[in-house]
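Asker: Encoded as structure tokens, here's the structure I'll be asking about.
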Amino acid sequence: MRSPFCLPALFGINSVMSLSTALALLLMAASPTAAAEPAFPMNFDLSNGSTERQTPYRTGNHGMESHGTASDFLFSVAVPDGTYRVTVRLGASDAAGDTTVKAEARRLMLRNVETRKGQFIERQFLVDKRSPVLIAPPANAPGGTRVRIDANDAKEFTWDDKLTLEFLGQPEVSSVRIEPVTAPTIFLAGDSTVTDQYAEPAASWGQMLPAMLDNSIAVANHAKSGATLKSFITELRFDKLLASIKPDDWVFIQFGHNDQKQQWPQTYVDAATTYPAYLHLYIAEVQRRGAHAVLVTSPERRNFDERGKIKDTLGSYAAAMRKLAAEEHVPLIDLNADSRAIYEALGPDVAPSAFNDNGNDKTHHDNYGAWLLANAIAEQIRARIPALAPHVIAPAFVPSRPPSAAAVAIVPSARHSSQRPAGS
């Protein structure tokens, strides 16, 4: 006799239906508010006067953000977490254009793409999109269900349900196509000198790096202003990163500015002991998942001595990282050394032009400084990491001969803030 508590009998389901199918249907019925998966590829007409250019963004849909200007604009599309190939068709039949494209929190994707009147150019790039959501741990297990984001994080076009594109300069955009892809990814773990700064004039090398690479590799910047090796773990940012990496992905790790602060007792790590110990942990967790760790020494602060040389404030941490990279046989990008060469080449009078807050900030960079450091990173990738070298499209860069600010001239984003990034 069939038990009266058999699921098919209880719910009137035909006995030929499997129990797993019945459970799946039951779960679907219990989740009527679950959002339907979007249909890909997504295609949008963003030409002047199009409906999409006139429609404000609606949660769970797509449309224009309110942070644009008379010429520049931001367009968002609700999509699940993942990596997306974005294809933009730039140009217009009735006007010339000079279009710069940024994604999410001001990640530079395309810079100054010029189109003549009647000319159209198609370009592609990859965008990492993520939300704070984490897979819930099992019952009674430690952990959390969300990355611990703060009020500043919430201001960014990063930790949300949408992919945001920013079109700047003299933008002429015909259309945008968005489709999910699986691609090799460079993940970034670090602090304010790495993170995607959400507003002008601050900027970091991590948000410039995508423009140095080809369109077959993604950059997922998980860095956070004020972060340390310890806080990156306790805020579950490292969990989010580890949950996203695939075998043969890359994780660039740069910490030091805030870790060295003894006045921050909960996150301080000693250069000789706990600093390399935590870096060992990061490397082990990355390698356990079949990915590759890369250590990046922290860029120096802009403090000149009377001889025009940069004073040492991070030397013991940079030395500890160099030693550990050799012991662990992992690639090292010595940004500490390159930053010194860049600042000293610019000199005490010009170097402030590469820093946030008109040079009053001696730690955080502006677009120009971030561009210089990202070029230094790209050049060291080309020289030190053979597997990634083919992805570098930036021209050769010599830190002791940096280009001028006028030669770089990155179009600023619409969002501005006088708040200095956390950390120092």
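Labeling convention for the structure tokens: chains A, B, ... as they appear, residues from 1 per chain, ligands from 1 in order of appearance.
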Tell me which protein, DNA and RNA residues are within 12 Å of Asn152 of chain A, counting only C-alpha atoms, leaving out same-chain ones fewer than 2 positions away, and put them as a PyMOL selection string.
Answerer: chain A and resi 105+148-150+154-159+196-199+224-226+417+419-422
Asker: Could you turn the residues from that selection into a file that holds N, CA and C atoms, as a PDB file, in the first residue's frame?
Answerer:
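Dumped to out.pdb:
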ATOM      1  N   ALA A 105      32.410  50.924 -11.459  1.00  0.00           N
ATOM      2  CA  ALA A 105      32.965  52.075 -10.753  1.00  0.00           C
ATOM      3  C   ALA A 105      34.192  52.610 -11.488  1.00  0.00           C
ATOM      4  N   ARG A 148      30.437  42.233   3.610  1.00  0.00           N
ATOM      5  CA  ARG A 148      30.107  43.346   4.499  1.00  0.00           C
ATOM      6  C   ARG A 148      30.496  44.668   3.844  1.00  0.00           C
ATOM      7  N   ILE A 149      29.571  45.226   3.101  1.00  0.00           N
ATOM      8  CA  ILE A 149      29.828  46.497   2.436  1.00  0.00           C
ATOM      9  C   ILE A 149      29.386  47.638   3.341  1.00  0.00           C
ATOM     10  N   ASP A 150      30.007  48.806   3.165  1.00  0.00           N
ATOM     11  CA  ASP A 150      29.668  49.961   3.991  1.00  0.00           C
ATOM     12  C   ASP A 150      28.980  51.033   3.149  1.00  0.00           C
ATOM     13  N   ALA A 154      28.238  51.286  -0.979  1.00  0.00           N
ATOM     14  CA  ALA A 154      26.881  51.359  -1.511  1.00  0.00           C
ATOM     15  C   ALA A 154      26.717  52.476  -2.537  1.00  0.00           C
ATOM     16  N   LYS A 155      27.625  53.449  -2.534  1.00  0.00           N
ATOM     17  CA  LYS A 155      27.572  54.535  -3.508  1.00  0.00           C
ATOM     18  C   LYS A 155      28.085  54.106  -4.880  1.00  0.00           C
ATOM     19  N   GLU A 156      28.835  53.010  -4.916  1.00  0.00           N
ATOM     20  CA  GLU A 156      29.493  52.589  -6.147  1.00  0.00           C
ATOM     21  C   GLU A 156      28.528  51.867  -7.091  1.00  0.00           C
ATOM     22  N   PHE A 157      28.848  51.903  -8.369  1.00  0.00           N
ATOM     23  CA  PHE A 157      28.187  51.039  -9.336  1.00  0.00           C
ATOM     24  C   PHE A 157      28.961  49.716  -9.380  1.00  0.00           C
ATOM     25  N   THR A 158      29.059  49.053  -8.232  1.00  0.00           N
ATOM     26  CA  THR A 158      29.800  47.802  -8.165  1.00  0.00           C
ATOM     27  C   THR A 158      29.011  46.731  -7.447  1.00  0.00           C
ATOM     28  N   TRP A 159      28.665  46.994  -6.190  1.00  0.00           N
ATOM     29  CA  TRP A 159      28.004  45.986  -5.372  1.00  0.00           C
ATOM     30  C   TRP A 159      26.495  46.097  -5.542  1.00  0.00           C
ATOM     31  N   ASP A 196      38.703  50.188  -7.246  1.00  0.00           N
ATOM     32  CA  ASP A 196      37.978  51.064  -8.176  1.00  0.00           C
ATOM     33  C   ASP A 196      37.402  52.240  -7.383  1.00  0.00           C
ATOM     34  N   GLN A 197      38.097  53.370  -7.397  1.00  0.00           N
ATOM     35  CA  GLN A 197      37.585  54.558  -6.709  1.00  0.00           C
ATOM     36  C   GLN A 197      36.327  55.038  -7.432  1.00  0.00           C
ATOM     37  N   TYR A 198      35.257  55.276  -6.690  1.00  0.00           N
ATOM     38  CA  TYR A 198      33.952  55.491  -7.332  1.00  0.00           C
ATOM     39  C   TYR A 198      33.761  56.901  -7.870  1.00  0.00           C
ATOM     40  N   ALA A 199      34.581  57.879  -7.413  1.00  0.00           N
ATOM     41  CA  ALA A 199      34.346  59.266  -7.815  1.00  0.00           C
ATOM     42  C   ALA A 199      35.661  59.986  -8.063  1.00  0.00           C
ATOM     43  N   LYS A 224      39.622  47.179  -1.689  1.00  0.00           N
ATOM     44  CA  LYS A 224      38.777  48.044  -0.867  1.00  0.00           C
ATOM     45  C   LYS A 224      39.619  49.114  -0.191  1.00  0.00           C
ATOM     46  N   SER A 225      39.165  50.359  -0.242  1.00  0.00           N
ATOM     47  CA  SER A 225      39.870  51.441   0.460  1.00  0.00           C
ATOM     48  C   SER A 225      39.923  51.139   1.951  1.00  0.00           C
ATOM     49  N   GLY A 226      41.111  51.278   2.527  1.00  0.00           N
ATOM     50  CA  GLY A 226      41.285  51.027   3.955  1.00  0.00           C
ATOM     51  C   GLY A 226      41.502  49.577   4.315  1.00  0.00           C
ATOM     52  N   SER A 417      33.785  63.686  -5.706  1.00  0.00           N
ATOM     53  CA  SER A 417      33.671  63.686  -4.254  1.00  0.00           C
ATOM     54  C   SER A 417      34.913  64.311  -3.651  1.00  0.00           C
ATOM     55  N   GLN A 419      35.670  63.702  -0.553  1.00  0.00           N
ATOM     56  CA  GLN A 419      36.053  62.781   0.503  1.00  0.00           C
ATOM     57  C   GLN A 419      37.299  62.008   0.094  1.00  0.00           C
ATOM     58  N   ARG A 420      38.296  62.025   0.965  1.00  0.00           N
ATOM     59  CA  ARG A 420      39.538  61.313   0.667  1.00  0.00           C
ATOM     60  C   ARG A 420      39.334  59.817   0.900  1.00  0.00           C
ATOM     61  N   PRO A 421      39.900  58.967   0.050  1.00  0.00           N
ATOM     62  CA  PRO A 421      39.757  57.514   0.271  1.00  0.00           C
ATOM     63  C   PRO A 421      40.282  57.097   1.635  1.00  0.00           C
ATOM     64  N   ALA A 422      39.684  56.062   2.194  1.00  0.00           N
ATOM     65  CA  ALA A 422      40.124  55.537   3.482  1.00  0.00           C
ATOM     66  C   ALA A 422      41.532  54.975   3.378  1.00  0.00           C
TER      67      ALA A 422
END
Asker: Give the helix (DSSP H, G or I) residues of segment 29-80 of chain A, as assigned by DSSP on the backbone, as a list in words.
Answerer: Ala29, Thr51, Glu52, Arg53 and Gln54 of chain A
Asker: From the set A:Ser204, A:Thr273, A:Thr193, A:Ser131, which residue has the shortest atom-to-atom contact distance to Ser316 of chain A, counting only C-alpha atoms?
Answerer: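 Looking only at the distances to Ser316 of chain A, the closest residue turns out to be A:Thr273.
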Asker: Write down as a list in words the residues belonging to segment 238-417 of chain A that are assigned strand (DSSP E or B) by DSSP computed on the backbone.
Answerer: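 Reading the DSSP output for segment 238-417 of chain A, strand (DSSP E or B) covers Trp250, Val251, Phe252, Ile253, Gln254, His292, Ala293, Val294, Leu295, Val296, Phe304, Ile310, Leu332, Ile333, Phe355, His365, Val392 and His416 of chain A.
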Asker: Export N, CA and C atoms of the chosen residues as a PDB file, in the first residue's frame?
Answerer:
ATOM      1  N   TRP A 250      44.003  34.235 -12.170  1.00  0.00           N
ATOM      2  CA  TRP A 250      45.135  34.883 -11.496  1.00  0.00           C
ATOM      3  C   TRP A 250      44.614  35.786 -10.391  1.00  0.00           C
ATOM      4  N   VAL A 251      45.328  35.821  -9.267  1.00  0.00           N
ATOM      5  CA  VAL A 251      44.961  36.706  -8.162  1.00  0.00           C
ATOM      6  C   VAL A 251      46.175  37.549  -7.798  1.00  0.00           C
ATOM      7  N   PHE A 252      46.074  38.865  -8.053  1.00  0.00           N
ATOM      8  CA  PHE A 252      47.135  39.806  -7.707  1.00  0.00           C
ATOM      9  C   PHE A 252      46.857  40.320  -6.285  1.00  0.00           C
ATOM     10  N   ILE A 253      47.855  40.226  -5.411  1.00  0.00           N
ATOM     11  CA  ILE A 253      47.685  40.536  -3.989  1.00  0.00           C
ATOM     12  C   ILE A 253      48.615  41.679  -3.612  1.00  0.00           C
ATOM     13  N   GLN A 254      48.029  42.811  -3.201  1.00  0.00           N
ATOM     14  CA  GLN A 254      48.832  43.958  -2.773  1.00  0.00           C
ATOM     15  C   GLN A 254      48.258  44.555  -1.491  1.00  0.00           C
ATOM     16  N   HIS A 292      46.418  31.007  -9.792  1.00  0.00           N
ATOM     17  CA  HIS A 292      47.801  31.457  -9.636  1.00  0.00           C
ATOM     18  C   HIS A 292      47.853  32.755  -8.836  1.00  0.00           C
ATOM     19  N   ALA A 293      48.699  32.782  -7.822  1.00  0.00           N
ATOM     20  CA  ALA A 293      48.885  33.993  -7.018  1.00  0.00           C
ATOM     21  C   ALA A 293      50.042  34.816  -7.572  1.00  0.00           C
ATOM     22  N   VAL A 294      49.879  36.138  -7.522  1.00  0.00           N
ATOM     23  CA  VAL A 294      50.927  37.087  -7.904  1.00  0.00           C
ATOM     24  C   VAL A 294      51.032  38.112  -6.779  1.00  0.00           C
ATOM     25  N   LEU A 295      52.232  38.348  -6.272  1.00  0.00           N
ATOM     26  CA  LEU A 295      52.432  39.331  -5.217  1.00  0.00           C
ATOM     27  C   LEU A 295      52.855  40.664  -5.816  1.00  0.00           C
ATOM     28  N   VAL A 296      52.265  41.754  -5.306  1.00  0.00           N
ATOM     29  CA  VAL A 296      52.546  43.103  -5.801  1.00  0.00           C
ATOM     30  C   VAL A 296      52.988  43.955  -4.622  1.00  0.00           C
ATOM     31  N   PHE A 304      59.408  63.285  -0.522  1.00  0.00           N
ATOM     32  CA  PHE A 304      60.752  63.515  -1.053  1.00  0.00           C
ATOM     33  C   PHE A 304      61.700  63.983   0.047  1.00  0.00           C
ATOM     34  N   ILE A 310      62.766  59.612  -3.007  1.00  0.00           N
ATOM     35  CA  ILE A 310      61.592  59.231  -2.231  1.00  0.00           C
ATOM     36  C   ILE A 310      62.030  58.568  -0.922  1.00  0.00           C
ATOM     37  N   LEU A 332      56.396  38.034  -8.857  1.00  0.00           N
ATOM     38  CA  LEU A 332      56.423  39.272  -8.083  1.00  0.00           C
ATOM     39  C   LEU A 332      56.391  40.454  -9.040  1.00  0.00           C
ATOM     40  N   ILE A 333      55.497  41.396  -8.775  1.00  0.00           N
ATOM     41  CA  ILE A 333      55.498  42.678  -9.478  1.00  0.00           C
ATOM     42  C   ILE A 333      55.949  43.726  -8.476  1.00  0.00           C
ATOM     43  N   PHE A 355      48.655  62.935  -8.139  1.00  0.00           N
ATOM     44  CA  PHE A 355      48.016  62.533  -6.895  1.00  0.00           C
ATOM     45  C   PHE A 355      46.685  63.229  -6.675  1.00  0.00           C
ATOM     46  N   HIS A 365      46.176  58.338  -5.781  1.00  0.00           N
ATOM     47  CA  HIS A 365      46.468  58.949  -7.072  1.00  0.00           C
ATOM     48  C   HIS A 365      45.229  59.554  -7.711  1.00  0.00           C
ATOM     49  N   VAL A 392      48.757  41.623 -22.847  1.00  0.00           N
ATOM     50  CA  VAL A 392      49.114  43.034 -22.639  1.00  0.00           C
ATOM     51  C   VAL A 392      49.158  43.753 -23.982  1.00  0.00           C
ATOM     52  N   HIS A 416      31.857  63.238  -8.705  1.00  0.00           N
ATOM     53  CA  HIS A 416      32.969  63.841  -7.971  1.00  0.00           C
ATOM     54  C   HIS A 416      32.708  63.755  -6.479  1.00  0.00           C
TER      55      HIS A 416
END
Asker: Rank nothing, just name the residue among A:Pro80, A:Asn215, A:Arg111, A:Ala151 nearest to His391 of chain A, using only C-alpha atoms.
Answerer: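 Between A:Pro80, A:Asn215, A:Arg111, A:Ala151, the residue approaching His391 of chain A most closely is A:Asn215.
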Asker: For His62 of chain A, please output as a list of chain:residue names all residues within 10 Å (counting only C-alpha atoms; exclusion window: fewer than 3 positions along the same chain).
Answerer: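 Everything that qualifies: A:Phe44, A:Glu52, A:Thr55, A:Pro56, A:Tyr57, A:Arg58, A:Thr59, A:Glu65, A:Phe75, A:Ser76, A:Val77, A:Ala78, A:Val79, A:Lys162, A:Leu163, A:Thr164.
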Asker: Rank nothing, just name the residue among A:Ala92, A:Val411, A:Val350, A:Leu165 nearest to His67 of chain A, using only C-alpha atoms.
Answerer: A:Leu165
Asker: Between atom CA of Arg107 of chain A and atom CA of Ile393 of chain A, what distance in Å does the model show, to one decimal?
Answerer: 16.5 Å
Asker: Would you mind listing what lies within 10 Å of segment 115-120 of chain A as a ChimeraX atom specification, with only C-alpha atoms counted and same-chain residues fewer than 6 positions away left out?
Answerer: /A:89-99,171-174
Asker: Would you export the selected residues with C-alpha atoms as a PDB file, in the first residue's frame, please?
Answerer:
ATOM      1  CA  ARG A  89      29.250  50.165 -31.851  1.00  0.00           C
ATOM      2  CA  LEU A  90      30.584  53.706 -31.730  1.00  0.00           C
ATOM      3  CA  GLY A  91      29.834  56.466 -34.205  1.00  0.00           C
ATOM      4  CA  ALA A  92      26.951  58.417 -35.720  1.00  0.00           C
ATOM      5  CA  SER A  93      25.769  59.257 -39.200  1.00  0.00           C
ATOM      6  CA  ASP A  94      25.500  62.973 -38.453  1.00  0.00           C
ATOM      7  CA  ALA A  95      28.380  63.738 -36.058  1.00  0.00           C
ATOM      8  CA  ALA A  96      32.002  62.993 -35.241  1.00  0.00           C
ATOM      9  CA  GLY A  97      32.779  61.424 -31.884  1.00  0.00           C
ATOM     10  CA  ASP A  98      35.569  60.933 -29.363  1.00  0.00           C
ATOM     11  CA  THR A  99      34.304  58.297 -26.962  1.00  0.00           C
ATOM     12  CA  PRO A 171      30.369  60.122 -26.956  1.00  0.00           C
ATOM     13  CA  GLU A 172      28.663  58.871 -30.094  1.00  0.00           C
ATOM     14  CA  VAL A 173      27.187  55.450 -29.374  1.00  0.00           C
ATOM     15  CA  SER A 174      25.091  53.520 -31.840  1.00  0.00           C
TER      16      SER A 174
END
Asker: Record the distance separating atom CA of His329 of chain A and atom CA of Pro247 of chain A, expressed in Å with one decimal.
Answerer: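 Atom-to-atom, atom CA of His329 of chain A and atom CA of Pro247 of chain A are spaced 18.0 Å apart.
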Asker: Excluding Gly143 of chain A and its own-chain neighbours fewer than 3 positions away, which residues fall within 10 Å of it when counting only C-alpha atoms? Please give them as a PyMOL selection string.
Answerer: chain A and resi 134-138+140+146+234+236+239
